[in-house]
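Engineer: Sharing input.csv below, CSV, N, CA and C atoms:
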chain,number,residue,atom,x,y,z
I,1,MET,N,5.7,-85.4,198.7
I,1,MET,CA,5.6,-85.7,197.3
I,1,MET,C,7.0,-86.2,196.8
I,2,ALA,N,7.0,-87.1,195.9
I,2,ALA,CA,8.3,-87.6,195.4
I,2,ALA,C,8.7,-86.8,194.2
I,3,LYS,N,10.0,-86.7,194.1
I,3,LYS,CA,10.6,-86.1,192.9
I,3,LYS,C,10.9,-87.2,191.9
I,4,VAL,N,11.0,-86.8,190.6
I,4,VAL,CA,11.4,-87.8,189.6
I,4,VAL,C,12.6,-88.6,190.0
I,5,GLN,N,13.6,-87.9,190.6
I,5,GLN,CA,14.9,-88.6,191.0
I,5,GLN,C,14.7,-89.6,192.1
I,6,ASP,N,13.6,-89.5,192.9
I,6,ASP,CA,13.3,-90.4,193.9
I,6,ASP,C,12.7,-91.7,193.4
I,7,VAL,N,12.2,-91.7,192.2
I,7,VAL,CA,11.4,-92.8,191.6
I,7,VAL,C,12.3,-93.6,190.6
I,8,VAL,N,13.1,-92.9,189.9
I,8,VAL,CA,13.8,-93.6,188.8
I,8,VAL,C,15.2,-93.9,189.1
I,9,PHE,N,15.8,-94.7,188.2
I,9,PHE,CA,17.2,-95.1,188.4
I,9,PHE,C,18.2,-94.0,187.9
I,10,LYS,N,17.9,-93.3,186.8
I,10,LYS,CA,18.8,-92.3,186.3
I,10,LYS,C,18.0,-91.4,185.3
I,11,VAL,N,18.4,-90.1,185.4
I,11,VAL,CA,17.9,-89.1,184.4
I,11,VAL,C,19.1,-88.6,183.7
I,12,ARG,N,19.1,-88.6,182.4
I,12,ARG,CA,20.3,-88.1,181.6
I,12,ARG,C,19.8,-87.2,180.5
I,13,SER,N,20.5,-86.2,180.2
I,13,SER,CA,20.2,-85.4,179.0
I,13,SER,C,21.5,-85.2,178.2
I,14,LYS,N,21.3,-85.0,176.9
I,14,LYS,CA,22.5,-84.8,176.0
I,14,LYS,C,22.0,-84.2,174.7
I,15,ASN,N,22.9,-83.7,174.0
I,15,ASN,CA,22.6,-83.2,172.6
I,15,ASN,C,22.1,-84.3,171.8
I,16,ALA,N,21.2,-84.0,170.9
I,16,ALA,CA,20.7,-84.9,169.8
I,16,ALA,C,20.9,-84.1,168.5
I,17,GLY,N,22.2,-83.7,168.3
I,17,GLY,CA,22.6,-82.9,167.2
I,17,GLY,C,22.6,-81.4,167.7
I,18,PRO,N,23.0,-80.5,166.8
I,18,PRO,CA,23.2,-79.1,167.2
I,18,PRO,C,21.9,-78.4,167.5
I,19,PHE,N,20.7,-79.0,167.1
I,19,PHE,CA,19.5,-78.2,167.2
I,19,PHE,C,18.5,-78.8,168.2
I,20,TRP,N,18.8,-80.0,168.8
I,20,TRP,CA,17.9,-80.7,169.7
I,20,TRP,C,18.6,-81.2,170.9
I,21,VAL,N,17.9,-81.4,172.0
I,21,VAL,CA,18.3,-82.0,173.2
I,21,VAL,C,17.4,-83.2,173.5
I,22,THR,N,17.9,-84.2,174.1
I,22,THR,CA,17.1,-85.4,174.5
I,22,THR,C,17.3,-85.6,176.0
I,23,VAL,N,16.2,-85.9,176.7
I,23,VAL,CA,16.3,-86.2,178.1
I,23,VAL,C,15.7,-87.6,178.2
I,24,ASP,N,16.6,-88.5,178.8
I,24,ASP,CA,16.2,-89.9,179.0
I,24,ASP,C,15.9,-90.1,180.5
I,25,VAL,N,14.8,-90.8,180.8
I,25,VAL,CA,14.4,-91.2,182.1
I,25,VAL,C,14.5,-92.7,182.2
I,26,PHE,N,15.5,-93.2,182.8
I,26,PHE,CA,15.7,-94.7,183.0
I,26,PHE,C,14.9,-95.1,184.3
I,27,CYS,N,13.8,-95.8,184.2
I,27,CYS,CA,13.0,-96.0,185.3
I,27,CYS,C,13.5,-97.2,186.2
I,28,GLY,N,14.0,-98.2,185.5
I,28,GLY,CA,14.6,-99.3,186.3
I,28,GLY,C,13.7,-100.5,186.6
I,29,ASP,N,12.4,-100.2,186.7
I,29,ASP,CA,11.4,-101.3,186.9
I,29,ASP,C,10.0,-101.0,186.4
I,30,PRO,N,9.2,-101.9,186.2
I,30,PRO,CA,7.8,-101.6,185.7
I,30,PRO,C,7.0,-100.7,186.5
I,31,ALA,N,7.1,-100.7,187.8
I,31,ALA,CA,6.3,-99.8,188.6
I,31,ALA,C,6.7,-98.4,188.4
I,32,ALA,N,8.0,-98.1,188.4
I,32,ALA,CA,8.5,-96.8,188.2
I,32,ALA,C,8.2,-96.3,186.8
I,33,PHE,N,8.3,-97.2,185.8
I,33,PHE,CA,7.9,-96.8,184.4
I,33,PHE,C,6.5,-96.4,184.3
I,34,ALA,N,5.6,-97.2,185.0
I,34,ALA,CA,4.2,-96.9,184.9
I,34,ALA,C,3.9,-95.5,185.6
I,35,LYS,N,4.5,-95.2,186.7
I,35,LYS,CA,4.3,-94.0,187.4
I,35,LYS,C,4.8,-92.8,186.5
I,36,ILE,N,6.0,-92.9,186.0
I,36,ILE,CA,6.6,-91.9,185.2
I,36,ILE,C,5.8,-91.7,183.9
I,37,SER,N,5.4,-92.8,183.2
I,37,SER,CA,4.6,-92.7,182.0
I,37,SER,C,3.3,-92.0,182.2
I,38,GLU,N,2.7,-92.2,183.4
I,38,GLU,CA,1.4,-91.6,183.7
I,38,GLU,C,1.6,-90.1,184.0
I,39,GLN,N,2.6,-89.8,184.8
I,39,GLN,CA,2.7,-88.4,185.3
I,39,GLN,C,3.6,-87.5,184.5
I,40,LEU,N,4.4,-88.0,183.6
I,40,LEU,CA,5.3,-87.1,182.8
I,40,LEU,C,4.7,-87.1,181.4
I,41,SER,N,3.7,-86.3,181.2
I,41,SER,CA,3.1,-86.1,179.9
I,41,SER,C,3.9,-85.1,179.1
I,42,SER,N,3.6,-85.1,177.8
I,42,SER,CA,4.3,-84.0,177.0
I,42,SER,C,3.9,-82.6,177.4
I,43,GLU,N,2.7,-82.5,177.9
I,43,GLU,CA,2.2,-81.2,178.4
I,43,GLU,C,3.0,-80.7,179.6
I,44,THR,N,3.2,-81.7,180.5
I,44,THR,CA,3.9,-81.4,181.8
I,44,THR,C,5.4,-81.0,181.4
I,45,VAL,N,6.0,-81.7,180.6
I,45,VAL,CA,7.4,-81.4,180.2
I,45,VAL,C,7.5,-80.1,179.4
I,46,ALA,N,6.5,-79.8,178.6
I,46,ALA,CA,6.5,-78.6,177.8
I,46,ALA,C,6.4,-77.4,178.8
I,47,ARG,N,5.6,-77.5,179.8
I,47,ARG,CA,5.5,-76.4,180.9
I,47,ARG,C,6.8,-76.3,181.6
I,48,LEU,N,7.4,-77.4,182.0
I,48,LEU,CA,8.6,-77.4,182.8
I,48,LEU,C,9.8,-76.7,182.0
I,49,PHE,N,9.9,-77.1,180.8
I,49,PHE,CA,11.0,-76.6,180.0
I,49,PHE,C,10.6,-75.3,179.2
I,50,LYS,N,9.4,-74.8,179.5
I,50,LYS,CA,8.9,-73.6,178.8
I,50,LYS,C,9.0,-73.6,177.3
I,51,GLN,N,8.5,-74.7,176.8
I,51,GLN,CA,8.5,-75.0,175.3
I,51,GLN,C,7.1,-75.1,174.8
I,52,PRO,N,6.8,-74.8,173.6
I,52,PRO,CA,5.5,-75.1,173.0
I,52,PRO,C,5.3,-76.6,173.0
I,53,LEU,N,4.0,-77.0,173.2
I,53,LEU,CA,3.7,-78.4,173.3
I,53,LEU,C,4.0,-79.1,172.0
I,54,ALA,N,3.8,-78.4,170.9
I,54,ALA,CA,4.1,-79.0,169.5
I,54,ALA,C,5.5,-79.4,169.3
I,55,SER,N,6.4,-78.8,170.1
I,55,SER,CA,7.9,-79.0,169.9
I,55,SER,C,8.4,-80.2,170.7
I,56,ILE,N,7.6,-80.7,171.6
I,56,ILE,CA,8.0,-81.8,172.5
I,56,ILE,C,7.8,-83.2,171.8
I,57,LYS,N,8.8,-84.0,171.7
I,57,LYS,CA,8.6,-85.4,171.2
I,57,LYS,C,8.8,-86.3,172.4
I,58,ARG,N,7.8,-87.2,172.6
I,58,ARG,CA,7.8,-88.1,173.7
I,58,ARG,C,7.9,-89.5,173.2
I,59,PHE,N,8.7,-90.3,173.8
I,59,PHE,CA,8.9,-91.8,173.5
I,59,PHE,C,8.8,-92.6,174.7
I,60,ALA,N,7.9,-93.4,174.9
I,60,ALA,CA,7.8,-94.3,176.1
I,60,ALA,C,8.1,-95.7,175.6
I,61,ILE,N,9.2,-96.3,176.1
I,61,ILE,CA,9.8,-97.6,175.6
I,61,ILE,C,9.6,-98.6,176.7
I,62,ALA,N,8.4,-99.3,176.8
I,62,ALA,CA,8.1,-100.1,177.9
I,62,ALA,C,9.0,-101.3,178.1
I,63,ASP,N,9.5,-101.9,177.0
I,63,ASP,CA,10.4,-103.0,177.2
I,63,ASP,C,11.7,-102.6,177.9
I,64,LEU,N,12.1,-101.4,177.8
I,64,LEU,CA,13.4,-100.9,178.4
I,64,LEU,C,13.1,-100.1,179.7
I,65,HIS,N,11.9,-99.8,180.0
I,65,HIS,CA,11.5,-99.0,181.1
I,65,HIS,C,12.1,-97.6,181.0
I,66,VAL,N,12.0,-97.0,179.8
I,66,VAL,CA,12.6,-95.7,179.6
I,66,VAL,C,11.5,-94.8,179.0
I,67,VAL,N,11.5,-93.6,179.4
I,67,VAL,CA,10.7,-92.5,178.8
I,67,VAL,C,11.7,-91.4,178.3
I,68,LYS,N,11.6,-91.0,177.1
I,68,LYS,CA,12.5,-90.1,176.5
I,68,LYS,C,11.8,-88.9,175.9
I,69,PHE,N,12.3,-87.7,176.1
I,69,PHE,CA,11.8,-86.5,175.6
I,69,PHE,C,12.8,-85.8,174.7
I,70,SER,N,12.4,-85.4,173.6
I,70,SER,CA,13.3,-84.6,172.7
I,70,SER,C,12.7,-83.2,172.5
I,71,LEU,N,13.5,-82.2,172.5
I,71,LEU,CA,13.0,-80.8,172.3
I,71,LEU,C,14.1,-80.0,171.6
I,72,PRO,N,13.6,-78.9,171.0
I,72,PRO,CA,14.6,-78.1,170.3
I,72,PRO,C,15.4,-77.3,171.3
I,73,ARG,N,16.7,-77.1,171.0
I,73,ARG,CA,17.6,-76.3,171.9
I,73,ARG,C,17.1,-74.8,171.8
I,74,PRO,N,17.3,-74.1,172.9
I,74,PRO,CA,16.9,-72.6,172.8
I,74,PRO,C,17.8,-71.9,171.8
I,75,VAL,N,19.0,-72.3,171.7
I,75,VAL,CA,20.0,-71.7,170.8
I,75,VAL,C,20.8,-72.8,170.2
I,76,ILE,N,21.3,-72.6,169.0
I,76,ILE,CA,22.1,-73.7,168.3
I,76,ILE,C,23.4,-74.0,169.2
I,77,GLN,N,23.7,-75.3,169.3
I,77,GLN,CA,24.9,-75.7,170.0
I,77,GLN,C,26.1,-74.9,169.5
I,78,GLY,N,26.9,-74.4,170.4
I,78,GLY,CA,28.1,-73.7,170.1
I,78,GLY,C,27.9,-72.2,169.9
I,79,ASP,N,26.7,-71.7,169.8
I,79,ASP,CA,26.4,-70.3,169.6
I,79,ASP,C,27.0,-69.5,170.8
I,80,ARG,N,27.3,-68.3,170.6
I,80,ARG,CA,27.9,-67.6,171.7
I,80,ARG,C,27.0,-67.4,172.9
I,81,PHE,N,25.7,-67.6,172.7
I,81,PHE,CA,24.8,-67.5,173.8
I,81,PHE,C,24.4,-68.9,174.4
I,82,ASP,N,25.0,-69.9,173.9
I,82,ASP,CA,24.8,-71.3,174.4
I,82,ASP,C,25.4,-71.4,175.8
I,83,ARG,N,24.5,-71.7,176.8
I,83,ARG,CA,25.0,-71.8,178.2
I,83,ARG,C,25.1,-73.3,178.6
I,84,ASP,N,24.8,-74.2,177.7
I,84,ASP,CA,24.9,-75.6,178.0
I,84,ASP,C,25.4,-76.4,176.7
I,85,MET,N,26.6,-76.3,176.5
I,85,MET,CA,27.2,-76.8,175.2
I,85,MET,C,26.9,-78.3,175.0
I,86,HIS,N,26.8,-79.1,176.0
I,86,HIS,CA,26.6,-80.6,175.9
I,86,HIS,C,25.1,-81.0,176.2
I,87,GLY,N,24.3,-80.1,176.6
I,87,GLY,CA,22.9,-80.4,176.8
I,87,GLY,C,22.6,-81.1,178.1
I,88,ALA,N,23.6,-81.1,179.0
I,88,ALA,CA,23.5,-81.9,180.2
I,88,ALA,C,22.7,-81.3,181.4
I,89,GLN,N,22.5,-80.0,181.3
I,89,GLN,CA,21.8,-79.4,182.5
I,89,GLN,C,20.2,-79.6,182.5
I,90,TRP,N,19.7,-80.1,181.3
I,90,TRP,CA,18.3,-80.3,181.3
I,90,TRP,C,17.8,-81.5,182.2
I,91,ALA,N,18.7,-82.4,182.4
I,91,ALA,CA,18.4,-83.6,183.3
I,91,ALA,C,18.1,-83.1,184.7
I,92,VAL,N,18.8,-82.2,185.2
I,92,VAL,CA,18.6,-81.7,186.6
I,92,VAL,C,17.2,-81.1,186.7
I,93,LEU,N,16.7,-80.3,185.8
I,93,LEU,CA,15.4,-79.8,185.9
I,93,LEU,C,14.3,-80.9,186.0
I,94,LEU,N,14.5,-81.9,185.1
I,94,LEU,CA,13.5,-83.0,185.2
I,94,LEU,C,13.6,-83.8,186.4
I,95,ALA,N,14.8,-84.1,186.8
I,95,ALA,CA,15.1,-84.9,188.0
I,95,ALA,C,14.5,-84.3,189.3
I,96,GLU,N,14.5,-83.0,189.4
I,96,GLU,CA,14.0,-82.3,190.5
I,96,GLU,C,12.5,-82.0,190.5
I,97,PHE,N,11.8,-82.4,189.4
I,97,PHE,CA,10.4,-82.1,189.2
I,97,PHE,C,9.6,-83.0,190.2
I,98,GLU,N,8.7,-82.3,190.9
I,98,GLU,CA,7.9,-83.1,191.9
I,98,GLU,C,6.6,-83.7,191.2
I,99,LEU,N,6.5,-85.0,191.4
I,99,LEU,CA,5.4,-85.7,190.9
I,99,LEU,C,4.1,-85.5,191.8
I,100,ASP,N,2.9,-85.8,191.3
I,100,ASP,CA,1.7,-85.5,192.0
I,100,ASP,C,1.4,-86.5,193.1
I,101,ALA,N,1.7,-87.8,192.9
I,101,ALA,CA,1.3,-88.8,193.9
I,101,ALA,C,2.6,-89.4,194.5
I,102,PRO,N,2.5,-89.9,195.7
I,102,PRO,CA,3.6,-90.6,196.4
I,102,PRO,C,4.0,-91.9,195.6
I,103,TYR,N,5.2,-92.3,195.7
I,103,TYR,CA,5.7,-93.5,195.0
I,103,TYR,C,5.9,-94.6,196.0
I,104,THR,N,5.5,-95.8,195.6
I,104,THR,CA,5.7,-97.0,196.4
I,104,THR,C,6.6,-97.9,195.6
I,105,PRO,N,7.9,-98.2,196.0
I,105,PRO,CA,8.8,-99.0,195.2
I,105,PRO,C,8.3,-100.4,195.1
I,106,SER,N,8.7,-101.1,194.0
I,106,SER,CA,8.3,-102.5,193.8
I,106,SER,C,9.1,-103.3,194.9
I,107,PRO,N,8.5,-104.4,195.4
I,107,PRO,CA,9.2,-105.2,196.4
I,107,PRO,C,10.5,-105.8,195.9
I,108,GLN,N,10.6,-106.1,194.6
I,108,GLN,CA,11.8,-106.8,194.1
I,108,GLN,C,13.0,-105.9,194.0
I,109,THR,N,12.8,-104.6,193.6
I,109,THR,CA,13.9,-103.8,193.4
I,109,THR,C,14.2,-102.7,194.5
I,110,GLY,N,13.1,-102.4,195.3
I,110,GLY,CA,13.3,-101.4,196.3
I,110,GLY,C,13.4,-100.0,195.6
I,111,GLN,N,13.6,-99.0,196.3
I,111,GLN,CA,13.7,-97.7,195.7
I,111,GLN,C,15.1,-97.3,195.4
I,112,ALA,N,15.4,-97.1,194.2
I,112,ALA,CA,16.8,-96.7,193.8
I,112,ALA,C,17.0,-95.3,193.8
I,113,LYS,N,18.1,-94.8,194.3
I,113,LYS,CA,18.4,-93.4,194.3
I,113,LYS,C,18.8,-93.0,192.9
I,114,ALA,N,18.3,-91.9,192.4
I,114,ALA,CA,18.6,-91.5,191.0
I,114,ALA,C,20.0,-91.1,190.8
I,115,ASN,N,20.5,-91.4,189.7
I,115,ASN,CA,21.8,-91.0,189.2
I,115,ASN,C,21.6,-90.0,188.1
I,116,VAL,N,21.9,-88.7,188.3
I,116,VAL,CA,21.6,-87.7,187.4
I,116,VAL,C,22.9,-87.3,186.6
I,117,HIS,N,22.8,-87.4,185.3
I,117,HIS,CA,24.0,-87.0,184.4
I,117,HIS,C,23.5,-86.2,183.3
Show me the file's structure as structure tokens.
Structural biologist:
Amino acid sequence: MAKVQDVVFKVRSKNAGPFWVTVDVFCGDPAAFAKISEQLSSETVARLFKQPLASIKRFAIADLHVVKFSLPRPVIQGDRFDRDMHGAQWAVLLAEFELDAPYTPSPQTGQAKANVH
């Protein structure tokens, strides 16, 4: 099985203010975007991040081949219990997530190795 990082160009996460984190999945081509759009539902991401489904916001931007998820931070940024001040560690969880079906890269672009930030 392929992991998200085997299919996409880059997975990045960062703060979206002190109360939210956003995770961006840059797919790189239409084939990768179609696969990620199909297999990374809000339900899947909610289970992965152990969040209630209602708290996950999903944006699929076909023209840019990007799927974006926003979710509330478990603690407010800068709190003494905040273990990820910049929100960067969420990308690794999603990048290492195993997808259900194998991935066949598009002939034009080939399979890009993911760049996780």
Engineer: Please identify every residue of range 26-52 of chain I that has at least one atom no farther than 6.5 Å from an atom of range 61-72 of chain I, counting only N, CA and C atoms, and for each give the shortest atom pair and the distance in Å to one decimal, arranged by chain then increasing number, as a Markdown table.
Structural biologist:
| residue | atom | partner | partner_atom | distance |
| --- | --- | --- | --- | --- |
| I:Phe26 | CA | I:Val66 | CA | 4.7 |
| I:Cys27 | N | I:His65 | C | 4.0 |
| I:Gly28 | N | I:His65 | C | 4.9 |
| I:Asp29 | N | I:His65 | CA | 5.8 |
| I:Pro30 | N | I:His65 | CA | 6.3 |
| I:Phe33 | CA | I:His65 | CA | 5.4 |
Engineer: Tell me, which residues of range 2-116 of chain I carry DSSP alpha helix (DSSP H), written as a PDB file with N, CA and C atoms, keeping the file's coordinate frame?
Structural biologist:
ATOM      1  N   VAL I   4      11.000 -86.800 190.600  1.00  0.00           N
ATOM      2  CA  VAL I   4      11.400 -87.800 189.600  1.00  0.00           C
ATOM      3  C   VAL I   4      12.600 -88.600 190.000  1.00  0.00           C
ATOM      4  N   GLN I   5      13.600 -87.900 190.600  1.00  0.00           N
ATOM      5  CA  GLN I   5      14.900 -88.600 191.000  1.00  0.00           C
ATOM      6  C   GLN I   5      14.700 -89.600 192.100  1.00  0.00           C
ATOM      7  N   ASP I   6      13.600 -89.500 192.900  1.00  0.00           N
ATOM      8  CA  ASP I   6      13.300 -90.400 193.900  1.00  0.00           C
ATOM      9  C   ASP I   6      12.700 -91.700 193.400  1.00  0.00           C
ATOM     10  N   VAL I   7      12.200 -91.700 192.200  1.00  0.00           N
ATOM     11  CA  VAL I   7      11.400 -92.800 191.600  1.00  0.00           C
ATOM     12  C   VAL I   7      12.300 -93.600 190.600  1.00  0.00           C
ATOM     13  N   PRO I  30       9.200-101.900 186.200  1.00  0.00           N
ATOM     14  CA  PRO I  30       7.800-101.600 185.700  1.00  0.00           C
ATOM     15  C   PRO I  30       7.000-100.700 186.500  1.00  0.00           C
ATOM     16  N   ALA I  31       7.100-100.700 187.800  1.00  0.00           N
ATOM     17  CA  ALA I  31       6.300 -99.800 188.600  1.00  0.00           C
ATOM     18  C   ALA I  31       6.700 -98.400 188.400  1.00  0.00           C
ATOM     19  N   ALA I  32       8.000 -98.100 188.400  1.00  0.00           N
ATOM     20  CA  ALA I  32       8.500 -96.800 188.200  1.00  0.00           C
ATOM     21  C   ALA I  32       8.200 -96.300 186.800  1.00  0.00           C
ATOM     22  N   PHE I  33       8.300 -97.200 185.800  1.00  0.00           N
ATOM     23  CA  PHE I  33       7.900 -96.800 184.400  1.00  0.00           C
ATOM     24  C   PHE I  33       6.500 -96.400 184.300  1.00  0.00           C
ATOM     25  N   ALA I  34       5.600 -97.200 185.000  1.00  0.00           N
ATOM     26  CA  ALA I  34       4.200 -96.900 184.900  1.00  0.00           C
ATOM     27  C   ALA I  34       3.900 -95.500 185.600  1.00  0.00           C
ATOM     28  N   LYS I  35       4.500 -95.200 186.700  1.00  0.00           N
ATOM     29  CA  LYS I  35       4.300 -94.000 187.400  1.00  0.00           C
ATOM     30  C   LYS I  35       4.800 -92.800 186.500  1.00  0.00           C
ATOM     31  N   ILE I  36       6.000 -92.900 186.000  1.00  0.00           N
ATOM     32  CA  ILE I  36       6.600 -91.900 185.200  1.00  0.00           C
ATOM     33  C   ILE I  36       5.800 -91.700 183.900  1.00  0.00           C
ATOM     34  N   SER I  37       5.400 -92.800 183.200  1.00  0.00           N
ATOM     35  CA  SER I  37       4.600 -92.700 182.000  1.00  0.00           C
ATOM     36  C   SER I  37       3.300 -92.000 182.200  1.00  0.00           C
ATOM     37  N   GLU I  38       2.700 -92.200 183.400  1.00  0.00           N
ATOM     38  CA  GLU I  38       1.400 -91.600 183.700  1.00  0.00           C
ATOM     39  C   GLU I  38       1.600 -90.100 184.000  1.00  0.00           C
ATOM     40  N   GLN I  39       2.600 -89.800 184.800  1.00  0.00           N
ATOM     41  CA  GLN I  39       2.700 -88.400 185.300  1.00  0.00           C
ATOM     42  C   GLN I  39       3.600 -87.500 184.500  1.00  0.00           C
ATOM     43  N   SER I  42       3.600 -85.100 177.800  1.00  0.00           N
ATOM     44  CA  SER I  42       4.300 -84.000 177.000  1.00  0.00           C
ATOM     45  C   SER I  42       3.900 -82.600 177.400  1.00  0.00           C
ATOM     46  N   GLU I  43       2.700 -82.500 177.900  1.00  0.00           N
ATOM     47  CA  GLU I  43       2.200 -81.200 178.400  1.00  0.00           C
ATOM     48  C   GLU I  43       3.000 -80.700 179.600  1.00  0.00           C
ATOM     49  N   THR I  44       3.200 -81.700 180.500  1.00  0.00           N
ATOM     50  CA  THR I  44       3.900 -81.400 181.800  1.00  0.00           C
ATOM     51  C   THR I  44       5.400 -81.000 181.400  1.00  0.00           C
ATOM     52  N   VAL I  45       6.000 -81.700 180.600  1.00  0.00           N
ATOM     53  CA  VAL I  45       7.400 -81.400 180.200  1.00  0.00           C
ATOM     54  C   VAL I  45       7.500 -80.100 179.400  1.00  0.00           C
ATOM     55  N   ALA I  46       6.500 -79.800 178.600  1.00  0.00           N
ATOM     56  CA  ALA I  46       6.500 -78.600 177.800  1.00  0.00           C
ATOM     57  C   ALA I  46       6.400 -77.400 178.800  1.00  0.00           C
ATOM     58  N   ARG I  47       5.600 -77.500 179.800  1.00  0.00           N
ATOM     59  CA  ARG I  47       5.500 -76.400 180.900  1.00  0.00           C
ATOM     60  C   ARG I  47       6.800 -76.300 181.600  1.00  0.00           C
ATOM     61  N   LEU I  48       7.400 -77.400 182.000  1.00  0.00           N
ATOM     62  CA  LEU I  48       8.600 -77.400 182.800  1.00  0.00           C
ATOM     63  C   LEU I  48       9.800 -76.700 182.000  1.00  0.00           C
ATOM     64  N   PHE I  49       9.900 -77.100 180.800  1.00  0.00           N
ATOM     65  CA  PHE I  49      11.000 -76.600 180.000  1.00  0.00           C
ATOM     66  C   PHE I  49      10.600 -75.300 179.200  1.00  0.00           C
ATOM     67  N   TRP I  90      19.700 -80.100 181.300  1.00  0.00           N
ATOM     68  CA  TRP I  90      18.300 -80.300 181.300  1.00  0.00           C
ATOM     69  C   TRP I  90      17.800 -81.500 182.200  1.00  0.00           C
ATOM     70  N   ALA I  91      18.700 -82.400 182.400  1.00  0.00           N
ATOM     71  CA  ALA I  91      18.400 -83.600 183.300  1.00  0.00           C
ATOM     72  C   ALA I  91      18.100 -83.100 184.700  1.00  0.00           C
ATOM     73  N   VAL I  92      18.800 -82.200 185.200  1.00  0.00           N
ATOM     74  CA  VAL I  92      18.600 -81.700 186.600  1.00  0.00           C
ATOM     75  C   VAL I  92      17.200 -81.100 186.700  1.00  0.00           C
ATOM     76  N   LEU I  93      16.700 -80.300 185.800  1.00  0.00           N
ATOM     77  CA  LEU I  93      15.400 -79.800 185.900  1.00  0.00           C
ATOM     78  C   LEU I  93      14.300 -80.900 186.000  1.00  0.00           C
ATOM     79  N   LEU I  94      14.500 -81.900 185.100  1.00  0.00           N
ATOM     80  CA  LEU I  94      13.500 -83.000 185.200  1.00  0.00           C
ATOM     81  C   LEU I  94      13.600 -83.800 186.400  1.00  0.00           C
ATOM     82  N   ALA I  95      14.800 -84.100 186.800  1.00  0.00           N
ATOM     83  CA  ALA I  95      15.100 -84.900 188.000  1.00  0.00           C
ATOM     84  C   ALA I  95      14.500 -84.300 189.300  1.00  0.00           C
TER      85      ALA I  95
END
Engineer: Kindly indicate which residue among I:Asp6, I:Ile76, I:Ala91, I:Gln39 lies nearest to Val25 in chain I, using only C-alpha atoms for the distances.
Structural biologist: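 Closest to Val25 in chain I of all the choices is I:Ala91.
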Engineer: Can you work out which one of I:Val4, I:Trp20, I:Leu48, I:Phe59 has the shortest atom-to-atom distance to Pro74 in chain I, counting only C-alpha atoms?
Structural biologist: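 For Pro74 in chain I, the nearest of the candidates is I:Trp20.
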Engineer: Give as a PDB file with N, CA and C atoms, in the frame of the given file each residue that has an atom at most 8 Å from (15.9, -83.9, 190.3) in the file, counting all atoms listed in the file.
Structural biologist:
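As a result, selection-v8.pdb now contains:
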ATOM      1  N   LYS I   3      10.000 -86.700 194.100  1.00  0.00           N
ATOM      2  CA  LYS I   3      10.600 -86.100 192.900  1.00  0.00           C
ATOM      3  C   LYS I   3      10.900 -87.200 191.900  1.00  0.00           C
ATOM      4  N   VAL I   4      11.000 -86.800 190.600  1.00  0.00           N
ATOM      5  CA  VAL I   4      11.400 -87.800 189.600  1.00  0.00           C
ATOM      6  C   VAL I   4      12.600 -88.600 190.000  1.00  0.00           C
ATOM      7  N   GLN I   5      13.600 -87.900 190.600  1.00  0.00           N
ATOM      8  CA  GLN I   5      14.900 -88.600 191.000  1.00  0.00           C
ATOM      9  C   GLN I   5      14.700 -89.600 192.100  1.00  0.00           C
ATOM     10  N   ASP I   6      13.600 -89.500 192.900  1.00  0.00           N
ATOM     11  CA  ASP I   6      13.300 -90.400 193.900  1.00  0.00           C
ATOM     12  C   ASP I   6      12.700 -91.700 193.400  1.00  0.00           C
ATOM     13  N   ALA I  91      18.700 -82.400 182.400  1.00  0.00           N
ATOM     14  CA  ALA I  91      18.400 -83.600 183.300  1.00  0.00           C
ATOM     15  C   ALA I  91      18.100 -83.100 184.700  1.00  0.00           C
ATOM     16  N   VAL I  92      18.800 -82.200 185.200  1.00  0.00           N
ATOM     17  CA  VAL I  92      18.600 -81.700 186.600  1.00  0.00           C
ATOM     18  C   VAL I  92      17.200 -81.100 186.700  1.00  0.00           C
ATOM     19  N   LEU I  93      16.700 -80.300 185.800  1.00  0.00           N
ATOM     20  CA  LEU I  93      15.400 -79.800 185.900  1.00  0.00           C
ATOM     21  C   LEU I  93      14.300 -80.900 186.000  1.00  0.00           C
ATOM     22  N   LEU I  94      14.500 -81.900 185.100  1.00  0.00           N
ATOM     23  CA  LEU I  94      13.500 -83.000 185.200  1.00  0.00           C
ATOM     24  C   LEU I  94      13.600 -83.800 186.400  1.00  0.00           C
ATOM     25  N   ALA I  95      14.800 -84.100 186.800  1.00  0.00           N
ATOM     26  CA  ALA I  95      15.100 -84.900 188.000  1.00  0.00           C
ATOM     27  C   ALA I  95      14.500 -84.300 189.300  1.00  0.00           C
ATOM     28  N   GLU I  96      14.500 -83.000 189.400  1.00  0.00           N
ATOM     29  CA  GLU I  96      14.000 -82.300 190.500  1.00  0.00           C
ATOM     30  C   GLU I  96      12.500 -82.000 190.500  1.00  0.00           C
ATOM     31  N   PHE I  97      11.800 -82.400 189.400  1.00  0.00           N
ATOM     32  CA  PHE I  97      10.400 -82.100 189.200  1.00  0.00           C
ATOM     33  C   PHE I  97       9.600 -83.000 190.200  1.00  0.00           C
ATOM     34  N   GLU I  98       8.700 -82.300 190.900  1.00  0.00           N
ATOM     35  CA  GLU I  98       7.900 -83.100 191.900  1.00  0.00           C
ATOM     36  C   GLU I  98       6.600 -83.700 191.200  1.00  0.00           C
ATOM     37  N   VAL I 116      21.900 -88.700 188.300  1.00  0.00           N
ATOM     38  CA  VAL I 116      21.600 -87.700 187.400  1.00  0.00           C
ATOM     39  C   VAL I 116      22.900 -87.300 186.600  1.00  0.00           C
TER      40      VAL I 116
END
